[in-house]
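> Input file: my_file_11.tsv. Contents: TSV, C-alpha atoms and all ligand atoms.
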chain	number	residue	atom	x	y	z
A	1219	MET	CA	-4.37	16.78	-1.99
A	1220	THR	CA	-5.68	18.81	-4.97
A	1221	SER	CA	-7.93	17.25	-7.63
A	1222	ASP	CA	-5.59	18.37	-10.46
A	1223	HIS	CA	-3.40	15.29	-10.77
A	1224	SER	CA	-1.46	16.39	-13.86
A	1225	PRO	CA	1.79	17.38	-12.02
A	1226	ILE	CA	1.74	13.98	-10.27
A	1227	VAL	CA	1.15	12.11	-13.54
A	1228	GLU	CA	3.93	14.09	-15.29
A	1229	ALA	CA	6.53	13.48	-12.54
A	1230	TYR	CA	5.55	9.79	-12.21
A	1231	LYS	CA	5.89	9.17	-15.94
A	1232	ARG	CA	9.22	11.02	-16.12
A	1233	ASP	CA	10.93	9.72	-12.95
A	1234	GLY	CA	9.02	6.51	-12.07
A	1235	VAL	CA	8.49	7.94	-8.58
A	1236	VAL	CA	6.65	10.95	-7.21
A	1237	GLN	CA	6.26	12.38	-3.72
A	1238	ILE	CA	2.90	13.66	-2.46
A	1239	LEU	CA	2.87	15.70	0.75
A	1240	GLN	CA	-0.08	15.24	3.15
A	1241	PHE	CA	-1.60	12.43	1.11
A	1242	PHE	CA	-3.56	11.40	4.23
A	1243	SER	CA	-4.70	13.81	6.98
A	1244	ASP	CA	-3.45	13.49	10.57
A	1245	GLU	CA	-6.88	12.11	11.42
A	1246	THR	CA	-6.64	9.32	8.81
A	1247	VAL	CA	-3.09	8.47	9.94
A	1248	ALA	CA	-4.37	8.17	13.53
A	1249	GLU	CA	-7.22	5.87	12.36
A	1250	ILE	CA	-4.74	3.71	10.41
A	1251	ARG	CA	-2.43	3.43	13.40
A	1252	ALA	CA	-5.32	2.48	15.71
A	1253	GLU	CA	-6.68	-0.14	13.30
A	1254	LEU	CA	-3.22	-1.68	12.77
A	1255	GLU	CA	-2.73	-1.93	16.54
A	1256	ARG	CA	-6.15	-3.55	16.92
A	1257	TYR	CA	-5.53	-5.98	14.03
A	1258	LEU	CA	-2.15	-7.01	15.48
A	1259	ARG	CA	-3.64	-7.49	18.95
A	1260	ASP	CA	-6.99	-9.15	18.13
A	1261	ASP	CA	-6.92	-10.65	14.62
A	1262	LEU	CA	-3.47	-11.60	13.35
A	1263	SER	CA	-3.20	-14.81	15.39
A	1264	THR	CA	-6.36	-16.11	13.64
A	1265	LYS	CA	-4.95	-15.49	10.11
A	1266	PRO	CA	-2.85	-17.85	7.96
A	1267	VAL	CA	0.90	-17.78	8.56
A	1268	ASP	CA	1.47	-16.02	5.22
A	1269	ALA	CA	-0.42	-12.97	6.54
A	1270	ARG	CA	2.87	-11.74	7.99
A	1271	THR	CA	6.68	-11.92	7.92
A	1272	LEU	CA	8.69	-11.63	11.15
A	1273	GLU	CA	12.09	-10.05	11.77
A	1274	ALA	CA	15.08	-12.29	12.61
A	1275	ASP	CA	14.14	-12.28	16.33
A	1276	GLY	CA	11.18	-14.51	15.37
A	1277	LYS	CA	8.60	-12.29	17.10
A	1278	THR	CA	8.63	-8.70	15.81
A	1279	ILE	CA	6.48	-7.93	12.75
A	1280	ARG	CA	8.44	-7.03	9.61
A	1281	ASN	CA	5.47	-7.07	7.19
A	1282	LEU	CA	1.73	-7.61	7.14
A	1283	TRP	CA	0.45	-8.99	3.83
A	1284	ARG	CA	-2.97	-9.13	2.14
A	1285	LEU	CA	-4.66	-6.66	4.48
A	1286	GLU	CA	-7.22	-6.03	1.71
A	1287	GLN	CA	-8.39	-9.64	2.26
A	1288	HIS	CA	-8.00	-9.83	6.01
A	1289	ASN	CA	-9.32	-6.42	7.10
A	1290	ALA	CA	-12.42	-4.46	6.03
A	1291	PHE	CA	-11.03	-1.05	7.08
A	1292	PHE	CA	-7.96	-1.35	4.81
A	1293	ASN	CA	-10.03	-2.80	1.97
A	1294	GLU	CA	-12.36	0.22	2.10
A	1295	LEU	CA	-9.50	2.72	2.40
A	1296	ALA	CA	-7.79	1.26	-0.69
A	1297	ARG	CA	-10.99	1.46	-2.76
A	1298	ARG	CA	-11.91	5.08	-1.98
A	1299	SER	CA	-12.80	7.03	-5.12
A	1300	GLU	CA	-10.04	9.64	-4.49
A	1301	MET	CA	-7.49	6.80	-4.60
A	1302	ILE	CA	-8.88	5.15	-7.71
A	1303	GLU	CA	-9.19	8.46	-9.63
A	1304	LEU	CA	-5.55	9.28	-8.85
A	1305	ILE	CA	-4.27	5.83	-9.88
A	1306	GLU	CA	-6.25	5.44	-13.15
A	1307	PRO	CA	-4.02	7.64	-15.36
A	1308	LEU	CA	-0.89	6.12	-13.81
A	1309	VAL	CA	-1.81	2.52	-14.70
A	1310	ASN	CA	-3.24	3.53	-18.09
A	1311	GLY	CA	-6.70	2.06	-17.56
A	1312	ASP	CA	-9.22	0.59	-15.15
A	1313	VAL	CA	-7.77	0.04	-11.70
A	1314	VAL	CA	-7.57	-3.30	-9.86
A	1315	LEU	CA	-6.51	-3.36	-6.21
A	1316	ALA	CA	-3.70	-5.92	-5.90
A	1317	GLY	CA	-2.70	-5.62	-2.26
A	1318	VAL	CA	-2.45	-3.67	0.99
A	1319	GLU	CA	0.60	-4.38	3.13
A	1320	THR	CA	3.00	-2.90	5.67
A	1321	PHE	CA	6.76	-2.52	5.98
A	1322	HIS	CA	7.30	-1.88	9.70
A	1323	LYS	CA	11.09	-1.42	9.90
A	1324	PRO	CA	10.96	-1.66	13.71
A	1325	ALA	CA	13.39	0.25	15.93
A	1326	ARG	CA	16.90	-1.27	16.23
A	1327	ILE	CA	16.08	-4.55	14.44
A	1328	GLY	CA	14.23	-3.47	11.26
A	1329	SER	CA	15.95	-5.34	8.42
A	1330	ALA	CA	17.12	-4.01	5.06
A	1331	VAL	CA	15.25	-4.43	1.77
A	1332	PRO	CA	17.57	-5.42	-1.10
A	1333	LEU	CA	17.75	-3.53	-4.38
A	1334	HIS	CA	14.79	-4.69	-6.48
A	1335	GLN	CA	12.05	-3.93	-9.01
A	1336	ASP	CA	8.57	-4.76	-7.71
A	1337	ASN	CA	7.56	-6.34	-11.00
A	1338	SER	CA	9.89	-9.26	-10.29
A	1339	TYR	CA	7.28	-10.06	-7.56
A	1340	PHE	CA	4.16	-8.93	-9.47
A	1341	CYS	CA	5.19	-10.46	-12.84
A	1342	ARG	CA	2.75	-8.37	-14.96
A	1343	THR	CA	2.87	-7.28	-18.56
A	1344	PRO	CA	2.55	-4.54	-19.66
A	1345	PRO	CA	4.14	-3.15	-16.46
A	1346	ASP	CA	1.16	-0.92	-15.58
A	1347	MET	CA	1.36	-1.54	-11.86
A	1348	LEU	CA	2.45	0.64	-8.96
A	1349	THR	CA	2.73	1.10	-5.21
A	1350	VAL	CA	1.50	3.98	-3.06
A	1351	TRP	CA	3.81	4.04	0.00
A	1352	VAL	CA	2.36	6.08	2.88
A	1353	ALA	CA	4.44	7.09	5.92
A	1354	ILE	CA	2.71	6.34	9.20
A	1355	ASP	CA	5.84	7.10	11.29
A	1356	PRO	CA	8.33	9.87	10.44
A	1357	VAL	CA	10.82	8.56	7.86
A	1358	THR	CA	14.29	10.06	8.33
A	1359	GLU	CA	17.70	9.61	6.68
A	1360	ALA	CA	18.64	7.43	9.68
A	1361	ASN	CA	15.75	4.98	10.11
A	1362	GLY	CA	15.83	3.23	6.73
A	1363	PRO	CA	14.04	5.44	4.17
A	1364	VAL	CA	13.19	3.92	0.80
A	1365	THR	CA	15.76	5.08	-1.78
A	1366	TYR	CA	14.59	5.17	-5.40
A	1367	TYR	CA	16.62	5.48	-8.62
A	1368	ARG	CA	14.97	8.14	-10.74
A	1369	GLY	CA	14.23	7.05	-14.31
A	1370	SER	CA	15.04	3.37	-13.66
A	1371	HIS	CA	11.47	2.39	-14.64
A	1372	LYS	CA	12.54	3.07	-18.23
A	1373	LEU	CA	15.25	0.36	-18.13
A	1374	GLY	CA	12.79	-2.54	-18.55
A	1375	MET	CA	13.10	-5.60	-16.33
A	1376	LEU	CA	16.68	-6.12	-15.15
A	1377	PRO	CA	18.29	-9.52	-14.35
A	1378	THR	CA	17.31	-10.90	-10.94
A	1379	ARG	CA	18.60	-13.38	-8.39
A	1380	PRO	CA	17.06	-14.91	-5.24
A	1381	SER	CA	18.03	-12.67	-2.29
A	1382	GLY	CA	17.53	-15.08	0.61
A	1383	VAL	CA	15.68	-12.28	2.47
A	1384	ARG	CA	12.33	-13.26	4.01
A	1385	GLY	CA	9.68	-10.80	2.79
A	1386	ASN	CA	11.88	-9.72	-0.15
A	1387	SER	CA	12.91	-13.00	-1.73
A	1388	ILE	CA	14.07	-11.65	-5.13
A	1389	GLY	CA	16.43	-8.79	-5.91
A	1390	LEU	CA	18.53	-7.34	-8.72
A	1391	ALA	CA	21.43	-9.52	-9.84
A	1392	ASP	CA	23.71	-6.46	-9.69
A	1393	ALA	CA	23.53	-2.70	-9.24
A	1394	SER	CA	25.49	-1.65	-12.32
A	1395	SER	CA	22.48	-0.49	-14.38
A	1396	VAL	CA	21.42	2.11	-11.82
A	1397	GLU	CA	24.77	3.32	-10.49
A	1398	THR	CA	24.76	6.46	-12.64
A	1399	LEU	CA	21.12	7.38	-11.97
A	1400	GLU	CA	20.03	10.08	-9.51
A	1401	LYS	CA	18.95	8.75	-6.10
A	1402	PHE	CA	15.81	9.99	-4.38
A	1403	VAL	CA	15.83	9.31	-0.62
A	1404	ALA	CA	12.19	9.49	0.48
A	1405	THR	CA	12.26	11.19	3.88
A	1406	LEU	CA	8.61	11.72	4.79
A	1407	SER	CA	6.35	13.03	7.54
A	1408	PRO	CA	3.39	10.94	8.70
A	1409	GLY	CA	0.66	11.13	6.03
A	1410	ASP	CA	3.11	11.93	3.18
A	1411	ALA	CA	3.37	9.37	0.37
A	1412	THR	CA	5.38	8.30	-2.63
A	1413	ILE	CA	4.03	6.48	-5.67
A	1414	HIS	CA	6.48	4.29	-7.57
A	1415	HIS	CA	6.23	2.36	-10.83
A	1416	CYS	CA	6.74	-1.43	-10.64
A	1417	GLN	CA	9.99	-1.18	-12.63
A	1418	THR	CA	11.50	1.60	-10.49
A	1419	VAL	CA	14.59	0.22	-8.74
A	1420	HIS	CA	14.60	0.84	-4.97
A	1421	GLU	CA	15.95	-0.43	-1.65
A	1422	SER	CA	16.02	0.49	2.03
A	1423	ALA	CA	18.67	0.14	4.73
A	1424	SER	CA	18.19	-1.48	8.14
A	1425	ASN	CA	16.92	0.60	11.05
A	1426	LYS	CA	19.51	1.04	13.80
A	1427	THR	CA	17.67	3.94	15.48
A	1428	ASP	CA	15.32	3.91	18.49
A	1429	ARG	CA	12.34	4.97	16.31
A	1430	SER	CA	10.28	2.64	14.16
A	1431	ARG	CA	9.59	3.54	10.52
A	1432	LEU	CA	6.17	2.17	9.66
A	1433	GLY	CA	4.93	2.40	6.07
A	1434	LEU	CA	1.51	1.37	4.70
A	1435	LEU	CA	1.52	0.26	1.05
A	1436	PHE	CA	-1.30	0.07	-1.50
A	1437	VAL	CA	-0.59	-1.86	-4.69
A	1438	TYR	CA	-2.68	-1.36	-7.84
A	1439	ARG	CA	-2.53	-2.64	-11.42
A	1440	GLY	CA	-4.25	-1.89	-14.69
A	1441	ALA	CA	-7.11	-4.34	-15.41
A	1442	HIS	CA	-5.51	-5.05	-18.81
A	1443	THR	CA	-2.23	-6.46	-17.37
A	1444	LYS	CA	-1.46	-10.19	-17.63
A	1445	THR	CA	0.92	-12.54	-15.82
A	1446	ASP	CA	4.26	-13.07	-17.57
A	1447	SER	CA	5.14	-16.76	-17.20
A	1448	GLN	CA	8.93	-16.31	-17.45
A	1449	MET	CA	8.99	-13.71	-14.66
A	1450	LYS	CA	6.61	-15.87	-12.63
A	1451	SER	CA	8.87	-18.91	-12.74
A	1452	ALA	CA	11.91	-16.87	-11.56
A	1453	TYR	CA	9.80	-15.45	-8.70
A	1454	THR	CA	8.38	-18.87	-7.76
A	1455	LYS	CA	11.90	-20.26	-7.43
A	1456	ALA	CA	12.99	-17.37	-5.17
A	1457	VAL	CA	9.87	-17.30	-2.99
A	1458	THR	CA	9.90	-21.07	-2.51
A	1459	ALA	CA	13.37	-20.70	-0.95
A	1460	THR	CA	12.28	-17.88	1.42
A	1461	PRO	CA	8.46	-17.64	1.71
A	1462	PRO	CA	6.03	-15.91	1.88
A	1463	ALA	CA	6.96	-12.96	-0.39
B	1501	LIG	O1	9.41	-0.01	2.95
B	1501	LIG	C1	10.48	-0.46	2.56
B	1501	LIG	O2	11.51	-0.38	3.20
B	1501	LIG	C2	10.57	-1.13	1.20
B	1501	LIG	C3	9.33	-0.97	0.42
B	1501	LIG	C4	9.34	-1.64	-0.89
B	1501	LIG	O3	10.20	-2.42	-1.22
B	1501	LIG	C5	8.26	-1.34	-1.82
B	1501	LIG	O4	7.54	-0.37	-1.60
B	1501	LIG	O5	8.15	-2.05	-2.83
Translate the structure of the given file into structure tokens.
Ligand SMILES: O=C(O)CCC(=O)C(=O)O


Amino acid sequence: MTSDHSPIVEAYKRDGVVQILQFFSDETVAEIRAELERYLRDDLSTKPVDARTLEADGKTIRNLWRLEQHNAFFNELARRSEMIELIEPLVNGDVVLAGVETFHKPARIGSAVPLHQDNSYFCRTPPDMLTVWVAIDPVTEANGPVTYYRGSHKLGMLPTRPSGVRGNSIGLADASSVETLEKFVATLSPGDATIHHCQTVHESASNKTDRSRLGLLFVYRGAHTKTDSQMKSAYTKAVTATPPA
């Protein structure tokens, strides 16, 4: 990745989502994969139950949560200066790491993610918060790529409703506000990334293929953002029905 971030900043501010090819090297992707495998094998069983969400089979990992708290490798990776320098202009100020998590979308049983804006989970104002989504597996049209609605970050916060989906407990009440917007289907090679604004509407389909679609996510906010109590109470209601996220 180059050190001139201005094309990234411009596309992010215009579209609410930007793609970055080869965000991580093959070597870093291999390290991430190895550490995730080790964490799942050796550590996860010692962590609180809200450190993960399972798929409907009750045994396959759908998400890992709070890796920045549970794992030193992912905490360090998220705090690297190259990351922070890239994020600063996008969150309009000093950067606070808010989370490191995974969306595994395992082969054949990986479940869908309903249409949503991340800020209905984060509940921050002003909405200077974002997610860096890094492909660890190849992401294809078929295995449940994240689909973003370009420009939807400019719509403000849209009405929500509890989704009943474990791991994605709150979604948009309806799709009408984004139906006319251009879709961006993020097919990615391992190491490629997207960065999306916390108001950018997005979703992903289930994975019916024989290949898993693992993504590693880094969530950051501006230090100046505050919790919005109205958004928080809507989220609390939804997440209480289907914990932990
Ligand atoms: O990885 C996915 O399928 C969904 C990711 C997502 O909802 C997010 O990045 O906020």

> With a distance cut-off of 10 Å and only C-alpha atoms, select the neighbouring residues of A:Glu1249, excluding the residue or stretch itself and same-chain residues fewer than 6 positions from it, and output the selection as a PDB file with C-alpha atoms, in the coordinates of the input.


ATOM      1  CA  SER A1243      -4.700  13.810   6.980  1.00  0.00           C
ATOM      2  CA  GLU A1255      -2.730  -1.930  16.540  1.00  0.00           C
ATOM      3  CA  PHE A1291     -11.030  -1.050   7.080  1.00  0.00           C
TER       4      PHE A1291
END

> Could you put an axis-aligned box around every listed atom of stretch 1228-1232 of chain A, padded by 4 Å on each side, and send me its centre and edge lengths in Å to one decimal, as lines of an AutoDock Vina configuration file?


center_x = 6.6
center_y = 11.6
center_z = -14.2
size_x = 13.3
size_y = 12.9
size_z = 11.9

> Record the distance separating atom CA of A:His1414 and atom CA of A:Leu1432, expressed in Å with one decimal.

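Interatomic distance here is 17.4 Å.
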
> When you count only C-alpha atoms, which of these residues is closest to A:Val1227: A:Val1352, A:Ile1413, A:Leu1254, A:Val1403?

A:Ile1413

> What residues have any atom no more than 8 Å from ligand LIG 1501 (chain B) when counting all atoms listed in the file, and can you list them as a list in words?

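So, counting all atoms listed in the file, the residues near ligand LIG 1501 (chain B) are Thr1320, Phe1321, His1322, Lys1323, Ala1330, Val1331, Pro1332, His1334, Gln1335, Asp1336, Thr1349, Val1350, Trp1351, Gly1362, Pro1363, Val1364, Asn1386, His1414, Cys1416, His1420, Glu1421, Ser1422, Ala1423, Leu1432, Gly1433 and Leu1435 of chain A.
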
> So, counting only C-alpha atoms, which residue among A:Gly1276, A:Pro1380, A:Pro1307, A:Pro1462 is closest to A:Lys1231?

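Checking each of A:Gly1276, A:Pro1380, A:Pro1307, A:Pro1462 against A:Lys1231, counting only C-alpha atoms, the winner is A:Pro1307.
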
> For a cutoff of 10 Å around the file-coordinate point (16.7, 2.7, 12.5), which residues qualify once you count all atoms listed in the file? I'd like the result as a ChimeraX atom specification.

/A:1323-1329,1357-1363,1423-1431

> So which one's closest to A:Tyr1230, A:Ala1252, A:Leu1348, A:Val1437, A:Val1419? Using only C-alpha atoms, please.

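Nearest to A:Tyr1230: A:Leu1348.
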